$ cat final_4.pdb   # PDB, C-alpha atoms
ATOM      1  CA  GLN A1046       3.534   1.502  84.387  1.00  0.00           C
ATOM      2  CA  PRO A1047       3.975  -1.795  82.527  1.00  0.00           C
ATOM      3  CA  LYS A1048       5.283  -4.786  84.429  1.00  0.00           C
ATOM      4  CA  LEU A1049       8.613  -5.461  82.711  1.00  0.00           C
ATOM      5  CA  PRO A1050      10.589  -8.708  82.463  1.00  0.00           C
ATOM      6  CA  VAL A1051      13.944  -9.049  84.227  1.00  0.00           C
ATOM      7  CA  ILE A1052      17.415 -10.050  83.086  1.00  0.00           C
ATOM      8  CA  ILE A1053      19.654 -11.228  85.921  1.00  0.00           C
ATOM      9  CA  LEU A1054      23.216 -10.269  84.912  1.00  0.00           C
ATOM     10  CA  MET A1055      25.999 -12.212  86.599  1.00  0.00           C
ATOM     11  CA  HIS A1056      29.671 -11.324  86.847  1.00  0.00           C
ATOM     12  CA  GLY A1057      32.720 -13.580  86.928  1.00  0.00           C
ATOM     13  CA  VAL A1058      35.620 -14.329  89.254  1.00  0.00           C
ATOM     14  CA  PRO A1059      37.504 -12.282  90.226  1.00  0.00           C
ATOM     15  CA  GLY A1060      34.729  -9.780  89.898  1.00  0.00           C
ATOM     16  CA  ALA A1061      31.808  -7.821  91.277  1.00  0.00           C
ATOM     17  CA  PRO A1062      28.351  -6.715  90.128  1.00  0.00           C
ATOM     18  CA  SER A1063      29.728  -3.314  89.097  1.00  0.00           C
ATOM     19  CA  ASP A1064      31.783  -5.027  86.372  1.00  0.00           C
ATOM     20  CA  TRP A1065      28.608  -4.960  84.302  1.00  0.00           C
ATOM     21  CA  THR A1066      28.422  -1.166  84.381  1.00  0.00           C
ATOM     22  CA  ARG A1067      32.053  -0.100  84.817  1.00  0.00           C
ATOM     23  CA  GLY A1068      33.577  -2.717  82.519  1.00  0.00           C
ATOM     24  CA  SER A1069      30.851  -3.832  80.115  1.00  0.00           C
ATOM     25  CA  PHE A1070      28.549  -0.773  80.105  1.00  0.00           C
ATOM     26  CA  ALA A1071      25.329  -2.797  80.233  1.00  0.00           C
ATOM     27  CA  ASP A1072      23.457   0.252  81.499  1.00  0.00           C
ATOM     28  CA  ALA A1073      24.410   2.292  78.419  1.00  0.00           C
ATOM     29  CA  THR A1074      23.502  -0.609  76.128  1.00  0.00           C
ATOM     30  CA  ALA A1075      20.113  -1.014  77.801  1.00  0.00           C
ATOM     31  CA  LEU A1076      19.422   2.736  77.708  1.00  0.00           C
ATOM     32  CA  ALA A1077      20.157   2.884  73.987  1.00  0.00           C
ATOM     33  CA  PHE A1078      17.901  -0.122  73.438  1.00  0.00           C
ATOM     34  CA  ALA A1079      15.079   1.487  75.437  1.00  0.00           C
ATOM     35  CA  GLU A1080      15.394   4.691  73.418  1.00  0.00           C
ATOM     36  CA  GLN A1081      14.930   2.647  70.245  1.00  0.00           C
ATOM     37  CA  HIS A1082      11.811   0.929  71.643  1.00  0.00           C
ATOM     38  CA  LYS A1083       9.720   3.791  73.047  1.00  0.00           C
ATOM     39  CA  GLY A1084      11.188   3.425  76.515  1.00  0.00           C
ATOM     40  CA  MET A1085      10.653  -0.326  76.747  1.00  0.00           C
ATOM     41  CA  ALA A1086      13.507  -2.578  77.860  1.00  0.00           C
ATOM     42  CA  PRO A1087      13.954  -5.436  80.321  1.00  0.00           C
ATOM     43  CA  ILE A1088      14.925  -4.480  83.863  1.00  0.00           C
ATOM     44  CA  LEU A1089      18.549  -5.338  84.632  1.00  0.00           C
ATOM     45  CA  VAL A1090      19.548  -6.585  88.065  1.00  0.00           C
ATOM     46  CA  MET A1091      23.166  -7.376  88.929  1.00  0.00           C
ATOM     47  CA  PRO A1092      23.393  -9.403  92.145  1.00  0.00           C
ATOM     48  CA  ASP A1093      26.568 -10.455  93.916  1.00  0.00           C
ATOM     49  CA  ILE A1094      26.922 -14.146  93.060  1.00  0.00           C
ATOM     50  CA  ASN A1095      30.054 -14.926  95.094  1.00  0.00           C
ATOM     51  CA  GLY A1096      30.030 -12.833  98.277  1.00  0.00           C
ATOM     52  CA  SER A1097      33.588 -11.609  97.742  1.00  0.00           C
ATOM     53  CA  PRO A1098      35.757 -10.575  94.776  1.00  0.00           C
ATOM     54  CA  PHE A1099      37.648 -13.875  94.706  1.00  0.00           C
ATOM     55  CA  GLY A1100      34.858 -16.241  95.740  1.00  0.00           C
ATOM     56  CA  ASP A1101      33.736 -18.808  93.183  1.00  0.00           C
ATOM     57  CA  SER A1102      30.296 -20.161  94.050  1.00  0.00           C
ATOM     58  CA  GLU A1103      29.366 -21.315  90.524  1.00  0.00           C
ATOM     59  CA  CYS A1104      25.865 -20.223  91.626  1.00  0.00           C
ATOM     60  CA  VAL A1105      24.988 -23.493  93.344  1.00  0.00           C
ATOM     61  CA  ASN A1106      23.802 -24.157  96.858  1.00  0.00           C
ATOM     62  CA  SER A1107      26.844 -25.403  98.735  1.00  0.00           C
ATOM     63  CA  PRO A1108      28.181 -25.706 102.285  1.00  0.00           C
ATOM     64  CA  LYS A1109      31.051 -23.431 101.280  1.00  0.00           C
ATOM     65  CA  PHE A1110      29.035 -20.460  99.978  1.00  0.00           C
ATOM     66  CA  GLY A1111      25.483 -21.022 101.186  1.00  0.00           C
ATOM     67  CA  ALA A1112      22.202 -21.033  99.276  1.00  0.00           C
ATOM     68  CA  ILE A1113      23.371 -19.091  96.220  1.00  0.00           C
ATOM     69  CA  GLU A1114      21.073 -20.848  93.731  1.00  0.00           C
ATOM     70  CA  THR A1115      18.067 -20.234  95.971  1.00  0.00           C
ATOM     71  CA  TYR A1116      19.057 -16.589  96.368  1.00  0.00           C
ATOM     72  CA  LEU A1117      19.382 -16.025  92.618  1.00  0.00           C
ATOM     73  CA  THR A1118      16.301 -17.951  91.507  1.00  0.00           C
ATOM     74  CA  GLN A1119      13.881 -17.057  94.308  1.00  0.00           C
ATOM     75  CA  THR A1120      15.037 -14.144  96.481  1.00  0.00           C
ATOM     76  CA  VAL A1121      16.227 -11.851  93.685  1.00  0.00           C
ATOM     77  CA  PRO A1122      13.106 -12.289  91.475  1.00  0.00           C
ATOM     78  CA  ALA A1123      10.819 -11.763  94.492  1.00  0.00           C
ATOM     79  CA  PHE A1124      12.739  -8.598  95.391  1.00  0.00           C
ATOM     80  CA  MET A1125      12.398  -7.259  91.841  1.00  0.00           C
ATOM     81  CA  ARG A1126       8.667  -7.904  91.765  1.00  0.00           C
ATOM     82  CA  LYS A1127       8.124  -6.254  95.140  1.00  0.00           C
ATOM     83  CA  ASN A1128      10.348  -3.220  94.658  1.00  0.00           C
ATOM     84  CA  PHE A1129      10.473  -2.623  90.886  1.00  0.00           C
ATOM     85  CA  ASN A1130       7.034  -3.739  89.669  1.00  0.00           C
ATOM     86  CA  ALA A1131       8.659  -6.509  87.623  1.00  0.00           C
ATOM     87  CA  SER A1132       6.461  -8.867  85.671  1.00  0.00           C
ATOM     88  CA  THR A1133       4.970 -11.850  87.465  1.00  0.00           C
ATOM     89  CA  ALA A1134       4.052 -13.614  84.203  1.00  0.00           C
ATOM     90  CA  PRO A1135       5.523 -17.068  83.531  1.00  0.00           C
ATOM     91  CA  GLY A1136       8.730 -16.874  81.523  1.00  0.00           C
ATOM     92  CA  SER A1137       9.491 -13.261  82.445  1.00  0.00           C
ATOM     93  CA  ILE A1138      13.001 -13.881  83.817  1.00  0.00           C
ATOM     94  CA  ALA A1139      16.195 -14.451  81.856  1.00  0.00           C
ATOM     95  CA  THR A1140      19.706 -15.087  83.102  1.00  0.00           C
ATOM     96  CA  ALA A1141      22.837 -13.795  81.384  1.00  0.00           C
ATOM     97  CA  GLY A1142      26.429 -13.737  82.478  1.00  0.00           C
ATOM     98  CA  LEU A1143      30.089 -13.411  81.594  1.00  0.00           C
ATOM     99  CA  SER A1144      32.744 -16.043  82.287  1.00  0.00           C
ATOM    100  CA  GLU A1145      31.714 -17.802  85.540  1.00  0.00           C
ATOM    101  CA  GLY A1146      28.461 -15.860  85.275  1.00  0.00           C
ATOM    102  CA  GLY A1147      27.905 -17.300  81.803  1.00  0.00           C
ATOM    103  CA  THR A1148      28.154 -20.829  83.143  1.00  0.00           C
ATOM    104  CA  CYS A1149      25.826 -19.754  85.968  1.00  0.00           C
ATOM    105  CA  ALA A1150      23.281 -18.302  83.555  1.00  0.00           C
ATOM    106  CA  MET A1151      23.060 -21.555  81.641  1.00  0.00           C
ATOM    107  CA  THR A1152      23.057 -23.807  84.698  1.00  0.00           C
ATOM    108  CA  LEU A1153      20.404 -21.820  86.569  1.00  0.00           C
ATOM    109  CA  ALA A1154      18.128 -21.847  83.535  1.00  0.00           C
ATOM    110  CA  LEU A1155      18.505 -25.592  83.005  1.00  0.00           C
ATOM    111  CA  THR A1156      17.840 -26.367  86.673  1.00  0.00           C
ATOM    112  CA  ASN A1157      14.937 -23.889  86.909  1.00  0.00           C
ATOM    113  CA  SER A1158      13.558 -24.050  83.384  1.00  0.00           C
ATOM    114  CA  LYS A1159       9.940 -23.307  84.296  1.00  0.00           C
ATOM    115  CA  ASP A1160      10.911 -19.991  85.885  1.00  0.00           C
ATOM    116  CA  ILE A1161      13.923 -19.117  83.695  1.00  0.00           C
ATOM    117  CA  PRO A1162      13.281 -20.222  80.096  1.00  0.00           C
ATOM    118  CA  VAL A1163      15.815 -17.847  78.493  1.00  0.00           C
ATOM    119  CA  PHE A1164      19.567 -17.547  79.055  1.00  0.00           C
ATOM    120  CA  ALA A1165      22.674 -16.011  77.508  1.00  0.00           C
ATOM    121  CA  ASN A1166      26.110 -17.481  78.134  1.00  0.00           C
ATOM    122  CA  TYR A1167      29.015 -15.167  77.304  1.00  0.00           C
ATOM    123  CA  SER A1168      32.391 -16.935  77.490  1.00  0.00           C
ATOM    124  CA  GLY A1169      31.322 -19.520  80.041  1.00  0.00           C
ATOM    125  CA  LEU A1170      32.828 -22.961  80.482  1.00  0.00           C
ATOM    126  CA  GLU A1171      31.003 -26.213  79.749  1.00  0.00           C
ATOM    127  CA  SER A1172      30.599 -27.219  83.398  1.00  0.00           C
ATOM    128  CA  PRO A1173      30.766 -25.686  86.888  1.00  0.00           C
ATOM    129  CA  THR A1174      34.475 -25.357  87.688  1.00  0.00           C
ATOM    130  CA  TYR A1175      35.763 -24.258  91.072  1.00  0.00           C
ATOM    131  CA  LEU A1176      38.858 -22.049  90.701  1.00  0.00           C
ATOM    132  CA  GLN A1177      40.172 -23.910  87.642  1.00  0.00           C
ATOM    133  CA  ASP A1178      40.018 -27.218  89.504  1.00  0.00           C
ATOM    134  CA  LYS A1179      39.399 -30.581  87.940  1.00  0.00           C
ATOM    135  CA  PRO A1180      35.867 -32.028  88.251  1.00  0.00           C
ATOM    136  CA  GLU A1181      36.890 -34.153  91.230  1.00  0.00           C
ATOM    137  CA  GLN A1182      37.981 -31.095  93.216  1.00  0.00           C
ATOM    138  CA  THR A1183      34.878 -29.128  92.154  1.00  0.00           C
ATOM    139  CA  ILE A1184      32.648 -31.978  93.331  1.00  0.00           C
ATOM    140  CA  GLN A1185      34.370 -31.958  96.713  1.00  0.00           C
ATOM    141  CA  ALA A1186      34.443 -28.175  97.109  1.00  0.00           C
ATOM    142  CA  LEU A1187      30.929 -27.292  95.928  1.00  0.00           C
ATOM    143  CA  PHE A1188      28.828 -30.450  95.873  1.00  0.00           C
ATOM    144  CA  GLY A1189      29.714 -32.160  99.128  1.00  0.00           C
ATOM    145  CA  GLY A1190      31.477 -34.952  97.282  1.00  0.00           C
ATOM    146  CA  SER A1191      28.226 -35.969  95.566  1.00  0.00           C
ATOM    147  CA  GLN A1192      28.585 -36.993  91.930  1.00  0.00           C
ATOM    148  CA  ALA A1193      24.789 -37.030  91.608  1.00  0.00           C
ATOM    149  CA  ASN A1194      24.519 -33.437  92.851  1.00  0.00           C
ATOM    150  CA  TYR A1195      27.244 -32.379  90.413  1.00  0.00           C
ATOM    151  CA  ASN A1196      25.459 -34.140  87.541  1.00  0.00           C
ATOM    152  CA  ALA A1197      22.247 -32.322  88.478  1.00  0.00           C
ATOM    153  CA  HIS A1198      24.055 -28.992  87.902  1.00  0.00           C
ATOM    154  CA  ASN A1199      26.309 -29.971  84.992  1.00  0.00           C
ATOM    155  CA  PRO A1200      24.942 -28.656  81.665  1.00  0.00           C
ATOM    156  CA  PRO A1201      26.399 -31.372  79.371  1.00  0.00           C
ATOM    157  CA  TYR A1202      24.878 -34.050  81.616  1.00  0.00           C
ATOM    158  CA  LEU A1203      21.523 -32.271  81.853  1.00  0.00           C
ATOM    159  CA  LEU A1204      21.360 -31.653  78.108  1.00  0.00           C
ATOM    160  CA  ALA A1205      22.123 -35.311  77.412  1.00  0.00           C
ATOM    161  CA  HIS A1206      19.488 -36.651  79.807  1.00  0.00           C
ATOM    162  CA  GLN A1207      16.589 -34.173  79.635  1.00  0.00           C
ATOM    163  CA  HIS A1208      14.475 -32.327  77.061  1.00  0.00           C
ATOM    164  CA  PHE A1209      13.849 -28.590  77.434  1.00  0.00           C
ATOM    165  CA  THR A1210      10.869 -27.637  75.285  1.00  0.00           C
ATOM    166  CA  GLY A1211      10.164 -23.911  75.110  1.00  0.00           C
ATOM    167  CA  MET A1212      13.626 -22.760  76.196  1.00  0.00           C
ATOM    168  CA  ALA A1213      16.004 -20.445  74.347  1.00  0.00           C
ATOM    169  CA  GLY A1214      19.751 -20.032  74.812  1.00  0.00           C
ATOM    170  CA  TRP A1215      22.369 -17.651  73.386  1.00  0.00           C
ATOM    171  CA  PHE A1216      26.038 -18.677  73.280  1.00  0.00           C
ATOM    172  CA  GLU A1217      28.775 -16.157  72.485  1.00  0.00           C
ATOM    173  CA  ALA A1218      32.524 -16.633  72.886  1.00  0.00           C
ATOM    174  CA  GLY A1219      35.523 -14.978  71.301  1.00  0.00           C
ATOM    175  CA  ALA A1220      37.383 -16.864  68.618  1.00  0.00           C
ATOM    176  CA  GLN A1221      40.635 -16.216  70.509  1.00  0.00           C
ATOM    177  CA  ASP A1222      39.231 -17.447  73.850  1.00  0.00           C
ATOM    178  CA  SER A1223      41.010 -20.787  74.243  1.00  0.00           C
ATOM    179  CA  GLU A1224      38.571 -22.243  76.798  1.00  0.00           C
ATOM    180  CA  ALA A1225      35.238 -20.540  76.169  1.00  0.00           C
ATOM    181  CA  PHE A1226      35.304 -20.866  72.374  1.00  0.00           C
ATOM    182  CA  PRO A1227      35.369 -24.690  72.324  1.00  0.00           C
ATOM    183  CA  ALA A1228      32.870 -24.728  75.203  1.00  0.00           C
ATOM    184  CA  ALA A1229      30.348 -22.687  73.213  1.00  0.00           C
ATOM    185  CA  ARG A1230      30.909 -24.828  70.135  1.00  0.00           C
ATOM    186  CA  ALA A1231      30.259 -27.964  72.198  1.00  0.00           C
ATOM    187  CA  LEU A1232      27.265 -26.693  74.177  1.00  0.00           C
ATOM    188  CA  GLN A1233      25.194 -25.175  71.374  1.00  0.00           C
ATOM    189  CA  PRO A1234      24.548 -28.439  69.482  1.00  0.00           C
ATOM    190  CA  LEU A1235      23.849 -30.249  72.746  1.00  0.00           C
ATOM    191  CA  ALA A1236      21.300 -27.584  73.648  1.00  0.00           C
ATOM    192  CA  ALA A1237      19.674 -27.714  70.218  1.00  0.00           C
ATOM    193  CA  LYS A1238      19.409 -31.498  70.415  1.00  0.00           C
ATOM    194  CA  ALA A1239      17.780 -31.137  73.855  1.00  0.00           C
ATOM    195  CA  GLY A1240      14.980 -28.990  72.412  1.00  0.00           C
ATOM    196  CA  ILE A1241      16.352 -25.495  73.072  1.00  0.00           C
ATOM    197  CA  ASP A1242      16.143 -22.727  70.470  1.00  0.00           C
ATOM    198  CA  THR A1243      19.756 -21.593  70.178  1.00  0.00           C
ATOM    199  CA  CYS A1244      21.904 -18.804  68.794  1.00  0.00           C
ATOM    200  CA  ILE A1245      25.680 -18.939  68.650  1.00  0.00           C
ATOM    201  CA  ALA A1246      28.169 -16.189  67.808  1.00  0.00           C
ATOM    202  CA  THR A1247      31.947 -16.596  67.788  1.00  0.00           C
ATOM    203  CA  PRO A1248      33.344 -13.282  66.526  1.00  0.00           C
ATOM    204  CA  PRO A1249      36.964 -12.265  66.983  1.00  0.00           C
ATOM    205  CA  GLY A1250      37.680 -11.542  70.623  1.00  0.00           C
ATOM    206  CA  ALA A1251      39.267 -12.645  73.862  1.00  0.00           C
ATOM    207  CA  HIS A1252      38.157 -13.169  77.468  1.00  0.00           C
ATOM    208  CA  SER A1253      37.690  -9.449  78.067  1.00  0.00           C
ATOM    209  CA  PHE A1254      35.243  -6.731  79.033  1.00  0.00           C
ATOM    210  CA  ASP A1255      35.393  -5.317  75.516  1.00  0.00           C
ATOM    211  CA  PHE A1256      34.125  -8.621  74.226  1.00  0.00           C
ATOM    212  CA  TRP A1257      31.380  -8.891  76.855  1.00  0.00           C
ATOM    213  CA  THR A1258      30.232  -5.345  76.083  1.00  0.00           C
ATOM    214  CA  GLN A1259      29.670  -6.438  72.495  1.00  0.00           C
ATOM    215  CA  ALA A1260      28.155  -9.802  73.448  1.00  0.00           C
ATOM    216  CA  PHE A1261      25.475  -8.186  75.600  1.00  0.00           C
ATOM    217  CA  ARG A1262      24.789  -5.623  72.866  1.00  0.00           C
ATOM    218  CA  ASP A1263      24.498  -8.429  70.308  1.00  0.00           C
ATOM    219  CA  SER A1264      22.047 -10.457  72.351  1.00  0.00           C
ATOM    220  CA  LEU A1265      19.856  -7.862  74.109  1.00  0.00           C
ATOM    221  CA  PRO A1266      17.340  -7.457  71.242  1.00  0.00           C
ATOM    222  CA  TRP A1267      17.012 -11.248  71.068  1.00  0.00           C
ATOM    223  CA  LEU A1268      16.668 -11.550  74.858  1.00  0.00           C
ATOM    224  CA  SER A1269      13.977  -8.871  74.917  1.00  0.00           C
ATOM    225  CA  TRP A1270      12.099 -10.623  72.115  1.00  0.00           C
ATOM    226  CA  LYS A1271      12.312 -14.006  73.843  1.00  0.00           C
ATOM    227  CA  LEU A1272      10.996 -12.322  77.012  1.00  0.00           C
ATOM    228  CA  LYS A1273       7.982 -11.231  74.906  1.00  0.00           C
ATOM    229  CA  LEU A1274       8.635  -7.522  75.441  1.00  0.00           C
ATOM    230  CA  THR A1275       9.731  -6.270  72.010  1.00  0.00           C
ATOM    231  CA  PRO A1276       9.305  -7.571  68.439  1.00  0.00           C
ATOM    232  CA  GLN A1277      11.607 -10.098  66.829  1.00  0.00           C
ATOM    233  CA  PRO A1278      14.787  -8.334  65.651  1.00  0.00           C
ATOM    234  CA  GLN A1279      15.021  -7.886  61.888  1.00  0.00           C
ATOM    235  CA  SER A1280      18.565  -9.246  61.965  1.00  0.00           C
ATOM    236  CA  ILE A1281      20.496 -11.167  64.607  1.00  0.00           C
ATOM    237  CA  PRO A1282      24.337 -11.207  64.662  1.00  0.00           C
ATOM    238  CA  ALA A1283      24.474 -14.932  65.348  1.00  0.00           C
ATOM    239  CA  GLN A1284      23.651 -18.276  63.786  1.00  0.00           C
ATOM    240  CA  CYS A1285      20.269 -19.267  65.194  1.00  0.00           C
ATOM    241  CA  THR A1286      18.506 -22.614  65.142  1.00  0.00           C
ATOM    242  CA  THR A1287      14.917 -23.436  66.031  1.00  0.00           C
ATOM    243  CA  ALA A1288      14.859 -26.701  67.952  1.00  0.00           C
ATOM    244  CA  LYS A1289      12.831 -29.594  66.662  1.00  0.00           C
ATOM    245  CA  SER A1290       9.867 -30.395  68.884  1.00  0.00           C
TER     246      SER A1290
END

$ encode --input "final_4.pdb" --output "structure tokens"
Amino acid sequence: QPKLPVIILMHGVPGAPSDWTRGSFADATALAFAEQHKGMAPILVMPDINGSPFGDSECVNSPKFGAIETYLTQTVPAFMRKNFNASTAPGSIATAGLSEGGTCAMTLALTNSKDIPVFANYSGLESPTYLQDKPEQTIQALFGGSQANYNAHNPPYLLAHQHFTGMAGWFEAGAQDSEAFPAARALQPLAAKAGIDTCIATPPGAHSFDFWTQAFRDSLPWLSWKLKLTPQPQSIPAQCTTAKS
């Protein structure tokens, strides 16, 4: 059997891993994709990123929630390789997520770019945000009061201060999503300027499972291509930009 790449799908808050199958039907989308590509599709894994339905870890290591970033970037990939024959090749892991999970997908890729060079952010915010708090409260709750630690996990800061050659990022947010829409519009040019190949889609839609069903369907062929599993899609329902080297 071929060693397949992995997409780590992350839910939001309130939420649970099963949101991806019961609410956004990622399994049906992936099955249809596999049927169109002679059985080939990335493996999907949907870990619990918060530990409880109303937790909000933002996928960082913190005193409040424990070593979530380590779990998602090291433990989960190792588990997939051991138990599901997942690929061990460099660049064989992508992150994707909805709402909080979208912010997580982007942040984890930027902070672990050698291992996770591909991400998809569906309706995420610009920065880690603990339970709708202001940055000051988020820094206290999740980063031990450390501004430097927050900066090291804050995508706008990272994109302004680092270059990410060889990375690719997909941004999708509904035009009626009052917070995620401007976030996607702000993040995509920052990512492109930082050397990331980007795609952005802002179709009609709200902060809803119907929208995330479509967003994953839109981006899966692109994700699979960027993971070097299937050919480049003939058409992509997004505006894509190749970053300047």

$ closest_residue --input "final_4.pdb" --among "A:Ser1107, A:Thr1258, A:Ser1137, A:Gln1233" --to "Cys1285 in chain A" --atoms "only C-alpha atoms"
A:Gln1233

$ closest_residue --input "final_4.pdb" --among "A:Glu1217, A:Asp1160, A:Glu1145, A:Asp1072" --to "Val1105 in chain A" --atoms "only C-alpha atoms"
A:Glu1145

$ residues_around --input "final_4.pdb" --residues "range 1163-1168 of chain A" --least-positions-apart "3" --cutoff "6 Å" --atoms "all atoms listed in the file" --output "PyMOL selection string"
chain A and resi 1139-1144+1147+1150-1151+1212-1218+1225

$ resolve_selection --input "final_4.pdb" --expression "the PyMOL selection byres ((chain A and resi 1243-1246) around 12)" --output "PyMOL selection string"
chain A and resi 1151+1162-1168+1209-1220+1225-1242+1247-1250+1256+1259-1261+1263-1264+1267-1268+1271+1281-1289

$ atom_distance --input "final_4.pdb" --atom1 "CA of Ala1134 in chain A" --atom2 "CA of Gly1096 in chain A"
29.6 Å

$ residues_near_point --input "final_4.pdb" --point "(31.7, -7.7, 86.9)" --cutoff "10 Å" --atoms "only C-alpha atoms" --output "ChimeraX atom specification"
/A:1054-1069,1091-1093,1098,1142-1144,1146,1254
